[in-house]
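Trainee: Sharing a structure, written as structure tokens. Questions coming.
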Amino acid sequence: MNSKAYFYLGITSLFWGGNSVAGKLAVGHISPMMLTTLRWSVALAIILALMTPQIRRDWEKIRQHRLQLLAYGAVGFTLFNAFLYSAVKYTTAINAVILQACIPMLIFLFNFALFRTRASIAQAIGFTVTLIGVLTTAAHGDFASLLKLQFNFGDGLMILACIVYAIYTVTLRWKPAIHWQSFIAVPAFGALISSIPLLVWEAGSGEVILPDATGWAIVLYAAIFPSLMSQVLYVRGVEMIGPNRAGLFINAIPVFGTLLSVLLVGETFHLFHLVAMLLVLGGIAIAERGRPKLPH
């Protein structure tokens, strides 16, 4: 089960690292709220084409928990991505993936504040090691430069995105016992419905950009991989090993995001990137080896 969860969460981090880079590539090709709305429109069309039989079988349970399931979509899917895609208009893709390293820490804090869930010493050490890895990337290997870092409006939006996703992760403990196809379908519908007012607001402000060919390619990527596959795999990973352990894998997003930025955006790969990746992956390994016996 652990190996399968690691695989699920690793693939999730890869696709989410790509999501931040895709958001940066989208600037000038499609506006943030248009991207958010279209990605969930496409994702929902795929869901209805493939998953309708299972949705019908679960309809009674869906009806009972409809508000909760719709809220998962509005918060975890729409609000997070609305903040992310807006953030990369003002900050770099690298900054966006680095700041997502706040999410595991927030999950730990929320779990402790709400449920008194404690982390083991090894988990605390592992988290610290992964955070050092992320800071290594942020500092470009020069930790003195961290003192000179300045937060801009986009970085602030990314922090709000991190808070939103940490809340979503912690509340998955109340997820109803329902087939994964139905679970992804209803929040996807909630994501689409909740994204429409944001699109209307964007249109009213005169900032809508209709997608060109590049914009549509980004919509399709975002719909299939970060929207559908990642959400399903992340939920399964949380189910299998618990939110504290699963959340730590989010620190792999900067690793994948940095690699994808090098490959797709043309940024240069440096030795400090390799050191950072080894620290992040090593920290996850330490935390997993010293995890509490009870996953939740």
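Following the order of the structure tokens, chains are lettered A, B, ..., residues in each are numbered from 1, and ligands are numbered from 1.
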So which residues touch Leu198 (chain A) within 9 Å, counting only C-alpha atoms, skipping near sequence neighbours fewer than 6 positions away, as a list of chain:residue names?
Mentor: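 Here the answer would be A:Met33, A:Met34, A:Thr36, A:Thr37, A:Ala82.
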Trainee: Find the residue from A:Tyr165, A:Tyr221, A:Trp16, A:Trp40 that sits nearest to Phe80 (chain A); use only C-alpha atoms when measuring.
Mentor: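 Looking at the shortest contact to Phe80 (chain A), the residue is A:Tyr165.
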Trainee: So that I can see what lies close to Arg289 (chain A), please list as a ChimeraX atom specification the residues with an atom at most 9 Å from it, counting only C-alpha atoms and leaving out residues fewer than 5 positions away in the same chain.
Mentor: /A:122-123,284
Trainee: Deliver the residues from the most recent selection as a file, using C-alpha atoms, as a tab-separated table (two decimals), in the first residue's frame.
Mentor:
```tsv
chain	number	residue	atom	x	y	z
A	122	ALA	CA	11.43	11.96	12.31
A	123	GLN	CA	8.58	13.66	10.46
A	284	ILE	CA	10.48	12.71	2.50
```
Trainee: Please determine, counting only C-alpha atoms, which residue among A:Tyr85, A:Tyr90, A:Phe183, A:Tyr72 has the shortest atom-to-atom distance to Ala222 (chain A).
Mentor: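 For Ala222 (chain A), the nearest of the candidates is A:Tyr85.
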Trainee: Leaving out Met240 (chain A) and any residue of its chain fewer than 3 positions from it, which residues lie within 12 Å of it when counting only C-alpha atoms, given as number ranges by chain?
Mentor: A: 1-9, 172-173, 233-237, 243-246, 294-296
Trainee: Just to be explicit: take each residue in the selection above, keep C-alpha atoms, and write the result as a PDB file, in the first residue's frame.
Mentor:
```pdb
ATOM      1  CA  MET A   1       0.000   0.000   0.000  1.00  0.00           C
ATOM      2  CA  ASN A   2       2.823   2.429   0.868  1.00  0.00           C
ATOM      3  CA  SER A   3       4.583   1.848  -2.466  1.00  0.00           C
ATOM      4  CA  LYS A   4       1.358   2.424  -4.362  1.00  0.00           C
ATOM      5  CA  ALA A   5       0.651   5.598  -2.365  1.00  0.00           C
ATOM      6  CA  TYR A   6       4.181   6.884  -3.038  1.00  0.00           C
ATOM      7  CA  PHE A   7       3.668   6.287  -6.765  1.00  0.00           C
ATOM      8  CA  TYR A   8       0.291   8.046  -6.758  1.00  0.00           C
ATOM      9  CA  LEU A   9       1.615  11.043  -4.841  1.00  0.00           C
ATOM     10  CA  LEU A 172     -10.715  15.152   3.251  1.00  0.00           C
ATOM     11  CA  ARG A 173     -10.914  13.146   6.482  1.00  0.00           C
ATOM     12  CA  LEU A 233      -4.416  10.171  -7.233  1.00  0.00           C
ATOM     13  CA  TYR A 234      -4.054  12.717  -4.424  1.00  0.00           C
ATOM     14  CA  VAL A 235      -7.326  11.723  -2.791  1.00  0.00           C
ATOM     15  CA  ARG A 236      -6.327   8.040  -3.024  1.00  0.00           C
ATOM     16  CA  GLY A 237      -2.929   8.856  -1.520  1.00  0.00           C
ATOM     17  CA  PRO A 243      -2.981  13.821   5.208  1.00  0.00           C
ATOM     18  CA  ASN A 244       0.221  14.519   7.175  1.00  0.00           C
ATOM     19  CA  ARG A 245       2.240  11.940   5.265  1.00  0.00           C
ATOM     20  CA  ALA A 246       0.589  12.622   1.916  1.00  0.00           C
ATOM     21  CA  LEU A 294      -1.062   5.216  13.136  1.00  0.00           C
ATOM     22  CA  PRO A 295      -1.277   6.986   9.725  1.00  0.00           C
ATOM     23  CA  HIS A 296      -3.863   9.521  10.891  1.00  0.00           C
TER      24      HIS A 296
END
```
Trainee: I want to know what sits within 7 Å of Ile209 (chain A), based on only C-alpha atoms, with residues of the same chain fewer than 6 positions away left out; could you give that as a PDB file with N, CA, C and O atoms, in the first residue's frame?
Mentor:
```
ATOM      1  N   HIS A  29      -1.840  34.201 -23.423  1.00  0.00           N
ATOM      2  CA  HIS A  29      -2.533  33.279 -24.328  1.00  0.00           C
ATOM      3  C   HIS A  29      -3.957  32.963 -23.859  1.00  0.00           C
ATOM      4  O   HIS A  29      -4.805  32.592 -24.662  1.00  0.00           O
ATOM      5  N   ILE A  30      -4.187  33.079 -22.574  1.00  0.00           N
ATOM      6  CA  ILE A  30      -5.521  32.872 -22.008  1.00  0.00           C
ATOM      7  C   ILE A  30      -5.514  33.487 -20.617  1.00  0.00           C
ATOM      8  O   ILE A  30      -4.528  33.367 -19.884  1.00  0.00           O
ATOM      9  N   SER A  31      -6.588  34.141 -20.232  1.00  0.00           N
ATOM     10  CA  SER A  31      -6.630  34.800 -18.923  1.00  0.00           C
ATOM     11  C   SER A  31      -6.889  33.778 -17.820  1.00  0.00           C
ATOM     12  O   SER A  31      -7.411  32.685 -18.062  1.00  0.00           O
TER      13      SER A  31
END
```
Trainee: Which is closer to Phe249 (chain A) than all the others in A:Ser13, A:Gln181, A:Ser205, A:Thr78, using only C-alpha atoms?
Mentor: A:Ser13
Trainee: For Ala185 (chain A), which residue among A:Leu14, A:Leu220, A:Ile46, A:Met158 is the nearest when counting only C-alpha atoms?
Mentor: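 Smallest separation from Ala185 (chain A) among the options: A:Ile46.
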Trainee: Considering only C-alpha atoms, return as a PyMOL selection string whatever protein or nucleic-acid residues lie within 12 Å of Leu79 (chain A), sequence-local ones (same chain, fewer than 3 positions apart) excluded.
Mentor: chain A and resi 32-33+36-37+71-76+82-86+157-158+160-165+167-168+190-198
Trainee: Quick one: write out the picked residues with C-alpha atoms as a PDB file, in the first residue's frame?
Mentor:
```
ATOM      1  CA  PRO A  32      -6.590  33.129 -15.463  1.00  0.00           C
ATOM      2  CA  MET A  33     -10.341  32.818 -14.886  1.00  0.00           C
ATOM      3  CA  THR A  36      -9.950  27.974 -14.704  1.00  0.00           C
ATOM      4  CA  THR A  37     -13.446  27.788 -16.214  1.00  0.00           C
ATOM      5  CA  ALA A  71     -17.687  22.641  -1.530  1.00  0.00           C
ATOM      6  CA  TYR A  72     -14.648  20.408  -2.105  1.00  0.00           C
ATOM      7  CA  GLY A  73     -14.700  21.489  -5.738  1.00  0.00           C
ATOM      8  CA  ALA A  74     -15.222  25.183  -5.013  1.00  0.00           C
ATOM      9  CA  VAL A  75     -12.401  25.339  -2.453  1.00  0.00           C
ATOM     10  CA  GLY A  76      -9.854  22.682  -3.448  1.00  0.00           C
ATOM     11  CA  ALA A  82      -7.802  30.823  -9.401  1.00  0.00           C
ATOM     12  CA  PHE A  83      -5.202  32.076  -6.913  1.00  0.00           C
ATOM     13  CA  LEU A  84      -2.396  30.136  -8.645  1.00  0.00           C
ATOM     14  CA  TYR A  85      -3.157  31.295 -12.195  1.00  0.00           C
ATOM     15  CA  SER A  86      -3.579  34.873 -10.972  1.00  0.00           C
ATOM     16  CA  LEU A 157      -1.756  35.208  -3.896  1.00  0.00           C
ATOM     17  CA  MET A 158       0.291  31.983  -3.872  1.00  0.00           C
ATOM     18  CA  LEU A 160      -3.501  32.254  -0.123  1.00  0.00           C
ATOM     19  CA  ALA A 161      -3.573  29.337  -2.592  1.00  0.00           C
ATOM     20  CA  CYS A 162      -1.471  27.268  -0.180  1.00  0.00           C
ATOM     21  CA  ILE A 163      -3.807  28.010   2.739  1.00  0.00           C
ATOM     22  CA  VAL A 164      -6.818  27.011   0.638  1.00  0.00           C
ATOM     23  CA  TYR A 165      -5.305  23.695  -0.431  1.00  0.00           C
ATOM     24  CA  ILE A 167      -7.728  23.349   4.319  1.00  0.00           C
ATOM     25  CA  TYR A 168      -9.024  21.143   1.498  1.00  0.00           C
ATOM     26  CA  GLY A 190     -18.763  22.359  -8.129  1.00  0.00           C
ATOM     27  CA  ALA A 191     -15.489  23.696  -9.524  1.00  0.00           C
ATOM     28  CA  LEU A 192     -17.137  24.640 -12.812  1.00  0.00           C
ATOM     29  CA  ILE A 193     -20.131  26.330 -11.167  1.00  0.00           C
ATOM     30  CA  SER A 194     -17.949  28.279  -8.734  1.00  0.00           C
ATOM     31  CA  SER A 195     -15.558  29.392 -11.488  1.00  0.00           C
ATOM     32  CA  ILE A 196     -18.291  31.085 -13.539  1.00  0.00           C
ATOM     33  CA  PRO A 197     -18.724  34.110 -11.184  1.00  0.00           C
ATOM     34  CA  LEU A 198     -14.945  34.586 -11.267  1.00  0.00           C
TER      35      LEU A 198
END
```
Trainee: Can you list, as a list of chain:residue names, every protein, DNA or RNA residue that comes within 10 Å of Phe15 (chain A) when you count only C-alpha atoms, leaving out same-chain residues fewer than 4 positions away?
Mentor: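 Contacts, in chain order: A:Leu9, A:Gly10, A:Ile11, A:Asn19, A:Ser20, A:Val21, A:Tyr221, A:Ala222, A:Ile224, A:Phe225, A:Pro226, A:Ser227, A:Met229, A:Ser230, A:Gln231, A:Ile253, A:Phe256, A:Gly257.
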